[in-house]
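Coordinates from entry.pdb are shown below (PDB, C-alpha atoms and all ligand atoms).
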MODEL        1
ATOM      1  CA  MET A  25     -16.088  -1.617  -2.685
ATOM      2  CA  LEU A  26     -13.136  -2.945  -4.695
ATOM      3  CA  LYS A  27     -13.792  -5.763  -7.106
ATOM      4  CA  LEU A  28     -11.127  -7.405  -9.236
ATOM      5  CA  LYS A  29     -12.441  -9.721 -11.893
ATOM      6  CA  ASP A  30     -10.161 -12.083 -13.826
ATOM      7  CA  LEU A  31      -7.305  -9.609 -13.696
ATOM      8  CA  GLU A  32      -4.471 -10.564 -15.974
ATOM      9  CA  LYS A  33      -1.111  -8.842 -16.373
ATOM     10  CA  ILE A  34       1.489 -10.187 -18.746
ATOM     11  CA  PHE A  35       4.929  -8.637 -19.094
ATOM     12  CA  TYR A  36       6.783  -9.021 -22.418
ATOM     13  CA  LYS A  37       3.737 -10.557 -24.046
ATOM     14  CA  ASN A  38       4.394 -12.596 -27.171
ATOM     15  CA  THR A  39       8.147 -12.607 -26.637
ATOM     16  CA  PRO A  40      10.418 -15.390 -25.380
ATOM     17  CA  ASN A  41      10.421 -13.617 -21.998
ATOM     18  CA  GLU A  42       6.640 -13.616 -21.618
ATOM     19  CA  ASN A  43       5.782 -13.483 -17.930
ATOM     20  CA  ILE A  44       2.272 -13.888 -16.548
ATOM     21  CA  ALA A  45       2.521 -11.750 -13.429
ATOM     22  CA  LEU A  46      -1.214 -11.822 -12.632
ATOM     23  CA  ASN A  47      -3.099 -14.892 -13.664
ATOM     24  CA  LYS A  48      -6.839 -14.145 -13.643
ATOM     25  CA  VAL A  49      -6.954 -12.707 -10.160
ATOM     26  CA  ASN A  50     -10.352 -12.333  -8.497
ATOM     27  CA  LEU A  51     -10.817 -10.382  -5.298
ATOM     28  CA  ASN A  52     -13.734  -8.786  -3.507
ATOM     29  CA  VAL A  53     -12.813  -6.179  -0.936
ATOM     30  CA  LYS A  54     -15.400  -4.799   1.473
ATOM     31  CA  LYS A  55     -15.428  -1.200   2.700
ATOM     32  CA  GLY A  56     -13.143  -0.955   5.730
ATOM     33  CA  ASP A  57     -11.269  -4.187   5.018
ATOM     34  CA  PHE A  58      -7.593  -4.026   5.970
ATOM     35  CA  ILE A  59      -5.948  -6.776   3.974
ATOM     36  CA  THR A  60      -2.334  -7.819   4.415
ATOM     37  CA  ILE A  61      -0.675  -9.437   1.403
ATOM     38  CA  VAL A  62       2.156 -11.951   1.603
ATOM     39  CA  GLY A  63       3.746 -14.229  -0.934
ATOM     40  CA  SER A  64       6.887 -15.630  -2.420
ATOM     41  CA  ASN A  65       9.327 -13.528  -4.483
ATOM     42  CA  GLY A  66       7.840 -12.574  -7.799
ATOM     43  CA  ALA A  67       4.383 -13.796  -6.766
ATOM     44  CA  GLY A  68       2.744 -10.707  -8.213
ATOM     45  CA  LYS A  69       2.055  -8.677  -5.072
ATOM     46  CA  SER A  70       3.442  -5.359  -6.316
ATOM     47  CA  THR A  71       2.012  -5.982  -9.773
ATOM     48  CA  LEU A  72      -1.403  -6.362  -8.191
ATOM     49  CA  LEU A  73      -1.142  -3.014  -6.413
ATOM     50  CA  ASN A  74       0.407  -1.315  -9.451
ATOM     51  CA  SER A  75      -2.396  -2.579 -11.678
ATOM     52  CA  ILE A  76      -5.037  -1.230  -9.308
ATOM     53  CA  ALA A  77      -3.203   2.116  -9.144
ATOM     54  CA  GLY A  78      -3.096   2.422 -12.931
ATOM     55  CA  VAL A  79       0.706   2.264 -13.171
ATOM     56  CA  PHE A  80       0.346   0.121 -16.273
ATOM     57  CA  PRO A  81      -2.580  -1.286 -18.246
ATOM     58  CA  VAL A  82      -3.698  -4.869 -17.661
ATOM     59  CA  GLU A  83      -4.188  -7.412 -20.451
ATOM     60  CA  SER A  84      -7.706  -8.330 -19.433
ATOM     61  CA  GLY A  85     -10.121  -8.302 -16.536
ATOM     62  CA  THR A  86     -11.764  -5.430 -14.694
ATOM     63  CA  ILE A  87     -11.088  -3.247 -11.675
ATOM     64  CA  ILE A  88     -14.173  -1.737 -10.088
ATOM     65  CA  LEU A  89     -13.714   0.798  -7.316
ATOM     66  CA  ASP A  90     -16.888   2.009  -5.616
ATOM     67  CA  LYS A  91     -18.947   0.886  -8.588
ATOM     68  CA  GLU A  92     -16.729   2.808 -10.987
ATOM     69  CA  ASP A  93     -14.825   0.878 -13.611
ATOM     70  CA  ILE A  94     -11.256   2.189 -13.288
ATOM     71  CA  THR A  95      -9.660  -0.423 -15.549
ATOM     72  CA  GLY A  96      -7.227   1.307 -17.890
ATOM     73  CA  LYS A  97      -7.478   4.671 -16.096
ATOM     74  CA  SER A  98      -4.181   6.528 -15.827
ATOM     75  CA  GLU A  99      -2.093   6.582 -12.687
ATOM     76  CA  TYR A 100      -2.865  10.272 -12.336
ATOM     77  CA  ARG A 101      -6.632   9.691 -12.439
ATOM     78  CA  CYS A 102      -6.402   6.788 -10.009
ATOM     79  CA  ALA A 103      -4.328   8.877  -7.609
ATOM     80  CA  GLN A 104      -7.341  11.094  -6.995
ATOM     81  CA  LYS A 105      -9.065   8.154  -5.318
ATOM     82  CA  ILE A 106      -6.221   5.939  -4.227
ATOM     83  CA  GLY A 107      -3.532   6.766  -1.652
ATOM     84  CA  ARG A 108      -0.185   4.996  -1.911
ATOM     85  CA  VAL A 109       2.893   4.612   0.203
ATOM     86  CA  PHE A 110       5.967   2.879  -1.173
ATOM     87  CA  GLN A 111       8.983   1.228   0.381
ATOM     88  CA  ASN A 112      11.243   4.160  -0.437
ATOM     89  CA  PRO A 113      10.686   6.949   2.125
ATOM     90  CA  LEU A 114      11.845   9.481  -0.459
ATOM     91  CA  ALA A 115       9.143   8.562  -2.951
ATOM     92  CA  GLY A 116       5.974  10.104  -1.572
ATOM     93  CA  THR A 117       6.939  13.696  -0.821
ATOM     94  CA  SER A 118       8.480  16.626  -2.679
ATOM     95  CA  PRO A 119      11.898  17.330  -1.124
ATOM     96  CA  GLU A 120      12.166  20.983  -2.113
ATOM     97  CA  MET A 121       8.744  21.822  -0.749
ATOM     98  CA  THR A 122       8.043  22.494   2.922
ATOM     99  CA  ILE A 123       6.076  20.196   5.207
ATOM    100  CA  GLU A 124       3.042  22.484   4.999
ATOM    101  CA  GLU A 125       3.221  22.721   1.208
ATOM    102  CA  ASN A 126       3.379  18.942   0.870
ATOM    103  CA  LEU A 127       0.517  18.383   3.260
ATOM    104  CA  SER A 128      -1.493  21.176   1.737
ATOM    105  CA  LEU A 129      -1.138  19.595  -1.693
ATOM    106  CA  ALA A 130      -2.408  16.286  -0.337
ATOM    107  CA  ILE A 131      -5.426  17.895   1.268
ATOM    108  CA  SER A 132      -6.271  19.967  -1.790
ATOM    109  CA  LYS A 133      -6.049  16.844  -3.933
ATOM    110  CA  SER A 134      -8.932  15.287  -2.030
ATOM    111  CA  ASN A 135     -11.051  18.423  -2.038
ATOM    112  CA  ASN A 136     -10.195  19.807  -5.444
ATOM    113  CA  LEU A 137      -8.901  22.967  -3.817
ATOM    114  CA  SER A 138      -6.032  25.111  -4.974
ATOM    115  CA  LEU A 139      -2.706  25.076  -3.166
ATOM    116  CA  LYS A 140      -3.463  28.533  -1.756
ATOM    117  CA  TRP A 141      -6.001  27.163   0.700
ATOM    118  CA  GLY A 142      -3.235  25.675   2.815
ATOM    119  CA  LEU A 143      -1.570  28.940   3.524
ATOM    120  CA  SER A 144      -4.312  30.623   5.509
ATOM    121  CA  LYS A 145      -4.098  30.755   9.300
ATOM    122  CA  HIS A 146      -7.040  28.471   9.817
ATOM    123  CA  LYS A 147      -5.698  25.852   7.452
ATOM    124  CA  ARG A 148      -2.332  25.894   9.137
ATOM    125  CA  LYS A 149      -4.142  25.079  12.353
ATOM    126  CA  VAL A 150      -5.810  22.119  10.683
ATOM    127  CA  MET A 151      -2.482  20.894   9.355
ATOM    128  CA  LYS A 152      -0.851  21.243  12.748
ATOM    129  CA  LYS A 153      -3.601  19.120  14.228
ATOM    130  CA  HIS A 154      -2.992  16.411  11.636
ATOM    131  CA  LEU A 155       0.773  16.537  12.147
ATOM    132  CA  ALA A 156       0.442  16.347  15.920
ATOM    133  CA  LYS A 157      -1.146  12.937  15.429
ATOM    134  CA  ILE A 158       2.086  11.460  14.158
ATOM    135  CA  ASP A 159       3.840  12.652  17.280
ATOM    136  CA  LEU A 160       7.197  13.591  15.791
ATOM    137  CA  GLY A 161       7.082  17.300  16.502
ATOM    138  CA  LEU A 162       6.556  18.138  12.836
ATOM    139  CA  GLU A 163       3.671  20.441  13.727
ATOM    140  CA  GLU A 164       6.305  22.891  14.960
ATOM    141  CA  ARG A 165       8.283  22.659  11.707
ATOM    142  CA  LEU A 166       5.700  23.565   9.092
ATOM    143  CA  THR A 167       8.112  25.602   7.023
ATOM    144  CA  THR A 168      10.954  23.076   7.079
ATOM    145  CA  LYS A 169      11.839  21.644   3.698
ATOM    146  CA  VAL A 170      11.014  17.974   3.523
ATOM    147  CA  LYS A 171      14.488  17.086   2.285
ATOM    148  CA  LEU A 172      15.772  17.909   5.768
ATOM    149  CA  LEU A 173      13.657  15.221   7.431
ATOM    150  CA  SER A 174      14.827  11.714   8.333
ATOM    151  CA  GLY A 175      13.566   8.688   6.389
ATOM    152  CA  GLY A 176      11.154   7.779   9.177
ATOM    153  CA  GLN A 177       9.815  11.332   9.475
ATOM    154  CA  ARG A 178       9.323  11.457   5.717
ATOM    155  CA  GLN A 179       7.535   8.125   5.662
ATOM    156  CA  ALA A 180       5.250   9.251   8.497
ATOM    157  CA  LEU A 181       4.466  12.422   6.555
ATOM    158  CA  THR A 182       3.811  10.410   3.387
ATOM    159  CA  LEU A 183       1.443   8.149   5.283
ATOM    160  CA  LEU A 184      -0.353  11.128   6.753
ATOM    161  CA  MET A 185      -0.607  12.711   3.291
ATOM    162  CA  ALA A 186      -1.991   9.491   1.838
ATOM    163  CA  THR A 187      -4.654   9.176   4.521
ATOM    164  CA  VAL A 188      -5.581  12.816   5.066
ATOM    165  CA  ALA A 189      -6.729  12.961   1.463
ATOM    166  CA  ASN A 190      -9.551  10.614   2.475
ATOM    167  CA  PRO A 191      -8.787   8.035  -0.175
ATOM    168  CA  ARG A 192     -11.300   5.403  -1.168
ATOM    169  CA  LEU A 193      -8.457   2.940  -1.053
ATOM    170  CA  LEU A 194      -4.996   2.910   0.498
ATOM    171  CA  LEU A 195      -2.198   0.827  -1.032
ATOM    172  CA  LEU A 196       0.891   0.164   1.060
ATOM    173  CA  ASP A 197       3.798  -1.603  -0.629
ATOM    174  CA  GLU A 198       6.281  -2.721   2.028
ATOM    175  CA  HIS A 199       6.153   0.797   3.374
ATOM    176  CA  THR A 200       8.184   0.054   6.505
ATOM    177  CA  ALA A 201      10.772  -2.248   4.929
ATOM    178  CA  ALA A 202      13.445   0.405   4.445
ATOM    179  CA  LEU A 203      13.231   1.842   7.961
ATOM    180  CA  ASP A 204      15.240   0.953  11.039
ATOM    181  CA  PRO A 205      13.361  -1.433  13.391
ATOM    182  CA  ALA A 206      12.300   1.168  15.958
ATOM    183  CA  THR A 207      11.027   3.593  13.306
ATOM    184  CA  ALA A 208       9.308   0.753  11.452
ATOM    185  CA  ILE A 209       7.326  -0.093  14.592
ATOM    186  CA  LYS A 210       6.280   3.541  14.967
ATOM    187  CA  ILE A 211       5.107   3.704  11.359
ATOM    188  CA  LYS A 212       3.211   0.426  11.685
ATOM    189  CA  ASN A 213       1.413   1.709  14.778
ATOM    190  CA  LEU A 214       0.655   4.953  12.996
ATOM    191  CA  THR A 215      -0.673   2.987  10.028
ATOM    192  CA  ALA A 216      -3.067   1.008  12.225
ATOM    193  CA  GLU A 217      -4.193   4.213  13.958
ATOM    194  CA  LEU A 218      -4.814   6.240  10.796
ATOM    195  CA  VAL A 219      -6.495   3.374   8.974
ATOM    196  CA  ASN A 220      -8.805   2.547  11.899
ATOM    197  CA  GLU A 221      -9.600   6.138  12.733
ATOM    198  CA  ASN A 222     -10.656   6.898   9.165
ATOM    199  CA  ASN A 223     -11.987   3.413   8.342
ATOM    200  CA  ILE A 224      -9.851   3.364   5.202
ATOM    201  CA  THR A 225     -10.026   0.285   3.007
ATOM    202  CA  THR A 226      -6.416  -0.851   2.814
ATOM    203  CA  LEU A 227      -4.224  -3.355   0.995
ATOM    204  CA  MET A 228      -0.788  -3.747   2.567
ATOM    205  CA  ILE A 229       2.069  -5.827   1.183
ATOM    206  CA  THR A 230       4.459  -6.885   3.872
ATOM    207  CA  HIS A 231       7.471  -9.137   4.053
ATOM    208  CA  ASN A 232       6.973  -9.558   7.755
ATOM    209  CA  MET A 233       4.783 -12.592   8.435
ATOM    210  CA  GLU A 234       4.139 -11.546  12.012
ATOM    211  CA  ASP A 235       2.793  -8.165  10.890
ATOM    212  CA  ALA A 236       0.741  -9.848   8.197
ATOM    213  CA  ILE A 237      -0.945 -11.959  10.848
ATOM    214  CA  LYS A 238      -1.277  -9.264  13.519
ATOM    215  CA  MET A 239      -2.387  -6.342  11.391
ATOM    216  CA  GLY A 240      -5.676  -5.991   9.540
ATOM    217  CA  ASN A 241      -8.746  -8.214   9.397
ATOM    218  CA  ARG A 242      -7.888 -10.310   6.379
ATOM    219  CA  LEU A 243      -4.778 -11.879   4.854
ATOM    220  CA  ILE A 244      -4.184 -12.983   1.312
ATOM    221  CA  MET A 245      -1.297 -15.076   0.128
ATOM    222  CA  MET A 246      -0.126 -14.919  -3.463
ATOM    223  CA  ASP A 247       1.911 -17.336  -5.510
ATOM    224  CA  ALA A 248       2.711 -17.402  -9.217
ATOM    225  CA  GLY A 249       0.300 -14.588 -10.054
ATOM    226  CA  GLN A 250      -2.620 -16.026  -8.137
ATOM    227  CA  ILE A 251      -4.266 -15.606  -4.768
ATOM    228  CA  ILE A 252      -3.820 -18.999  -3.165
ATOM    229  CA  TYR A 253      -5.324 -18.170   0.236
ATOM    230  CA  ASP A 254      -7.817 -15.608   1.455
ATOM    231  CA  ILE A 255      -7.944 -15.827   5.230
ATOM    232  CA  LYS A 256     -10.566 -13.892   7.126
ATOM    233  CA  ALA A 257     -11.417 -12.794  10.656
ATOM    234  CA  GLU A 258     -11.458 -15.708  13.082
ATOM    235  CA  GLU A 259      -9.265 -17.975  11.015
ATOM    236  CA  LYS A 260      -6.723 -15.175  10.773
ATOM    237  CA  GLU A 261      -6.749 -14.651  14.515
ATOM    238  CA  ASN A 262      -5.772 -18.285  15.013
ATOM    239  CA  LEU A 263      -2.958 -18.211  12.465
ATOM    240  CA  SER A 264       0.701 -18.701  13.276
ATOM    241  CA  ILE A 265       3.742 -18.216  11.074
ATOM    242  CA  GLU A 266       4.370 -21.979  11.072
ATOM    243  CA  LYS A 267       0.794 -22.647   9.984
ATOM    244  CA  LEU A 268       1.040 -20.080   7.233
ATOM    245  CA  LEU A 269       4.284 -21.561   5.889
ATOM    246  CA  LYS A 270       2.777 -25.041   5.994
ATOM    247  CA  MET A 271      -0.284 -23.831   4.092
ATOM    248  CA  PHE A 272       1.994 -22.352   1.449
ATOM    249  CA  GLU A 273       3.888 -25.612   1.057
ATOM    250  CA  ILE A 274       0.671 -27.574   0.636
ATOM    251  CA  LYS A 275      -0.561 -25.407  -2.254
ATOM    252  CA  HIS A 276       2.805 -24.630  -3.795
ATOM    253  CA  GLY A 277       4.375 -28.044  -3.419
ATOM    254  CA  GLY A 278       7.646 -26.654  -2.087
ATOM    255  CA  LYS A 279       9.204 -24.377   0.497
ATOM    256  CA  PHE A 280       8.411 -20.692   0.770
ATOM    257  CA  ASN A 281      11.071 -18.787  -1.157
ATOM    258  CA  ASN A 282      10.859 -15.270   0.126
ATOM    259  CA  ASP A 283      14.167 -14.779   1.901
ATOM    260  CA  ARG A 284      13.316 -11.378   3.290
ATOM    261  CA  MET A 285      10.156 -12.750   4.870
ATOM    262  CA  LEU A 286      11.847 -15.738   6.375
ATOM    263  CA  LEU A 287      14.665 -13.646   7.763
ATOM    264  CA  SER A 288      12.255 -11.268   9.421
ATOM    265  CA  VAL A 289      10.260 -14.042  11.126
TER     266      VAL A 289
HETATM  267  N1  LIG B 301       7.602  -3.344 -14.575
HETATM  268  C1  LIG B 301       7.874  -4.634 -14.813
HETATM  269  N2  LIG B 301       8.376  -5.012 -16.015
HETATM  270  C2  LIG B 301       8.637  -6.297 -16.287
HETATM  271  N3  LIG B 301       8.433  -7.306 -15.424
HETATM  272  C3  LIG B 301       7.924  -6.993 -14.219
HETATM  273  C4  LIG B 301       7.629  -5.644 -13.854
HETATM  274  N4  LIG B 301       7.142  -5.635 -12.583
HETATM  275  C5  LIG B 301       7.142  -6.920 -12.182
HETATM  276  N5  LIG B 301       7.606  -7.735 -13.140
HETATM  277  C6  LIG B 301       7.720  -9.201 -13.063
HETATM  278  O1  LIG B 301       6.448  -9.689 -12.676
HETATM  279  C7  LIG B 301       6.583 -10.735 -11.710
HETATM  280  C8  LIG B 301       5.870 -10.335 -10.440
HETATM  281  O2  LIG B 301       6.624  -9.292  -9.841
HETATM  282  P1  LIG B 301       6.138  -8.492  -8.552
HETATM  283  O3  LIG B 301       7.080  -7.370  -8.341
HETATM  284  O4  LIG B 301       4.715  -8.173  -8.667
HETATM  285  O5  LIG B 301       6.328  -9.613  -7.422
HETATM  286  P2  LIG B 301       6.265  -9.454  -5.838
HETATM  287  O6  LIG B 301       5.334 -10.517  -5.348
HETATM  288  O7  LIG B 301       5.952  -8.074  -5.461
HETATM  289  O8  LIG B 301       7.745  -9.890  -5.464
HETATM  290  P3  LIG B 301       8.771  -9.410  -4.315
HETATM  291  O9  LIG B 301       8.257  -9.954  -3.012
HETATM  292  O10 LIG B 301      10.030 -10.085  -4.718
HETATM  293  O11 LIG B 301       8.838  -7.923  -4.341
HETATM  294  C9  LIG B 301       8.074 -10.954 -11.525
HETATM  295  O12 LIG B 301       8.468 -12.017 -12.361
HETATM  296  C10 LIG B 301       8.681  -9.645 -11.990
HETATM  297  O13 LIG B 301       9.975  -9.855 -12.514
ENDMDL
END
Would you mind writing the file's structure down as structure tokens?
Ligand SMILES: Nc1ncnc2c1ncn2[C@@H]1O[C@H](COP(=O)(O)OP(=O)(O)OP(=O)(O)O)[C@@H](O)[C@H]1O
Amino acid sequence: MLKLKDLEKIFYKNTPNENIALNKVNLNVKKGDFITIVGSNGAGKSTLLNSIAGVFPVESGTIILDKEDITGKSEYRCAQKIGRVFQNPLAGTSPEMTIEENLSLAISKSNNLSLKWGLSKHKRKVMKKHLAKIDLGLEERLTTKVKLLSGGQRQALTLLMATVANPRLLLLDEHTAALDPATAIKIKNLTAELVNENNITTLMITHNMEDAIKMGNRLIMMDAGQIIYDIKAEEKENLSIEKLLKMFEIKHGGKFNNDRMLLSV
């Protein structure tokens, strides 16, 4: 359902600071795949997700989503098909808008409806049902401004907004990294629930090796702008952090250099 062919992203091209962030990346993602992405610092993980989401144009290669060539499409156009959650809990919601306005916007985005739809009685009921799923009592606070929520509550709402829109693809970029440990666990569980329930094809960058192994059905490891391992199903189930680090050393010829990942082991 998602096909990346020879994807290349170069920052500062033709300057002394030229930096090949994606070096002819190829990836075939099947519908319903939940892929965790790990890699050393500067390996190109965020660049990969940003390229797919249309944040910036790529130098060459193609991005096909559900048979549609989305290479070079704007971030705005891509956002109609792709849900995203970032590390910063403040990034995915509008602080001055209420919970119901934020959620309503997300739902209308997927259905091409106007914002008004969300304000009818029936629609409020639908939104309450969605909010009840995240189990934070937000269904009773529909008219609360989002800026009054905690980081964890906001991230849960962002995740719900990204999945309720029925995206063809969900991109998660270290979306629990800025939360306290207990809240991070809640959001991870919620992620697994929402993704499984809706069978959403998902790419998730994480700095937590244990999560990368436990979550999803496939794991890719990146290094120097390339995918150096693509580990599926059974092989993934038998992985350990030690094994994964060893595998990295074999391909890379040196120790894994992602401090945050190693600290969170
Ligand atoms: N917007 C940008 N402008 C210029 N250079 C960039 C930009 N985004 C990323 N880079 C560079 O591209 C390379 C890959 O960065 P990227 O953020 O994709 O790595 P990453 O694997 O996500 O790393 P980390 O785990 O440290 O977040 C790095 O050398 C980075 O400095």
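Pairwise distance (atom O11 of ligand LIG 301 (chain B), atom CA of A:Gln179) equals 19.0 Å.
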What are the nearest atom pairs, with distances in Å to one decimal, for all residues of stretch 182-263 of chain A that come at most 12 Å from stretch 78-89 of chain A, using all atoms listed in the file, set out by chain and rising residue number as CSV?
residue,atom,partner,partner_atom,distance
A:Pro191,CA,A:Leu89,CA,11.3
A:Arg192,CA,A:Leu89,CA,8.1
A:Leu193,CA,A:Leu89,CA,8.5
A:Leu194,CA,A:Leu89,CA,11.9
A:Thr225,CA,A:Leu89,CA,11.0
Evaluating the PyMOL selection byres (((chain A and resi 102) around 12) and not hetatm) on the displayed file yields which residues, as a ChimeraX atom specification?
/A:73-80,87-89,92-101,103-108,133-134,191-195
For the structure shown, which residues end up in the PyMOL selection byres (((not hetatm)) within 10 of (chain B and resi 301))? Put them as a ChimeraX atom specification, please?
/A:33-36,41-46,61-75,79-80,197-198,229-231,245-249,281-285
Atom CA of A:Tyr253 to atom CA of A:Lys91, distance in Å rounded to a single decimal:
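Computed distance, atom CA of A:Tyr253 to atom CA of A:Lys91, equals 25.0 Å.
With all atoms listed in the file as the atoms that count, the minimum distance from A:Gly240 to the choices A:Met228, A:Leu218, A:Ala201, A:Ile274 is reached by A:Met228.
What the PyMOL selection byres (((chain A and resi 57) around 8) and not hetatm) picks from this file is Val53, Lys54, Lys55, Gly56, Phe58, Ile59, Ile224, Thr225, Thr226, Gly240, Asn241 and Arg242 of chain A.
The gap separating atom CA of A:Thr200 from atom CA of A:Asn220 is 18.0 Å, in Å to one decimal.
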Taking all atoms of stretch 271-278 of chain A that the file lists and extending 4 Å past them on each side, where is the centre of the axis-aligned box and how long are its edges? Answer in Å to one decimal, as AutoDock Vina command-line options.
--center_x 3.5 --center_y -25.2 --center_z 0.1 --size_x 16.2 --size_y 13.7 --size_z 15.9
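For the residues A:Leu203, A:Asn38, A:Lys270, A:Ile237, ranking by smallest atom-to-atom distance to A:Lys256 using all atoms listed in the file places A:Ile237 first.
Distances to A:Met239 were evaluated for A:Leu183, A:Val150, A:Thr60, A:Lys210 using only C-alpha atoms, and the minimum falls at A:Thr60.
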Taking the partial coordinates given, rebuild stretch 170-181 of chain A to contain N, CA and C atoms; return it as a CSV table (one decimal), keeping the file's coordinate frame.
chain,number,residue,atom,x,y,z
A,170,VAL,N,11.1,19.4,3.3
A,170,VAL,CA,11.0,18.0,3.5
A,170,VAL,C,12.3,17.2,3.3
A,171,LYS,N,13.2,17.8,2.5
A,171,LYS,CA,14.5,17.1,2.3
A,171,LYS,C,15.3,17.1,3.6
A,172,LEU,N,15.0,17.9,4.5
A,172,LEU,CA,15.8,17.9,5.8
A,172,LEU,C,15.3,16.9,6.8
A,173,LEU,N,14.2,16.2,6.5
A,173,LEU,CA,13.7,15.2,7.4
A,173,LEU,C,14.4,13.9,7.3
A,174,SER,N,14.3,13.1,8.4
A,174,SER,CA,14.8,11.7,8.3
A,174,SER,C,13.9,10.8,7.5
A,175,GLY,N,14.4,9.6,7.2
A,175,GLY,CA,13.6,8.7,6.4
A,175,GLY,C,12.3,8.4,7.1
A,176,GLY,N,12.3,8.1,8.4
A,176,GLY,CA,11.2,7.8,9.2
A,176,GLY,C,10.2,8.9,9.2
A,177,GLN,N,10.7,10.1,9.4
A,177,GLN,CA,9.8,11.3,9.5
A,177,GLN,C,9.1,11.5,8.1
A,178,ARG,N,9.9,11.3,7.1
A,178,ARG,CA,9.3,11.5,5.7
A,178,ARG,C,8.3,10.4,5.4
A,179,GLN,N,8.5,9.2,5.9
A,179,GLN,CA,7.5,8.1,5.7
A,179,GLN,C,6.3,8.4,6.5
A,180,ALA,N,6.4,8.9,7.7
A,180,ALA,CA,5.2,9.3,8.5
A,180,ALA,C,4.4,10.3,7.8
A,181,LEU,N,5.1,11.3,7.3
A,181,LEU,CA,4.5,12.4,6.6
A,181,LEU,C,3.8,11.9,5.3
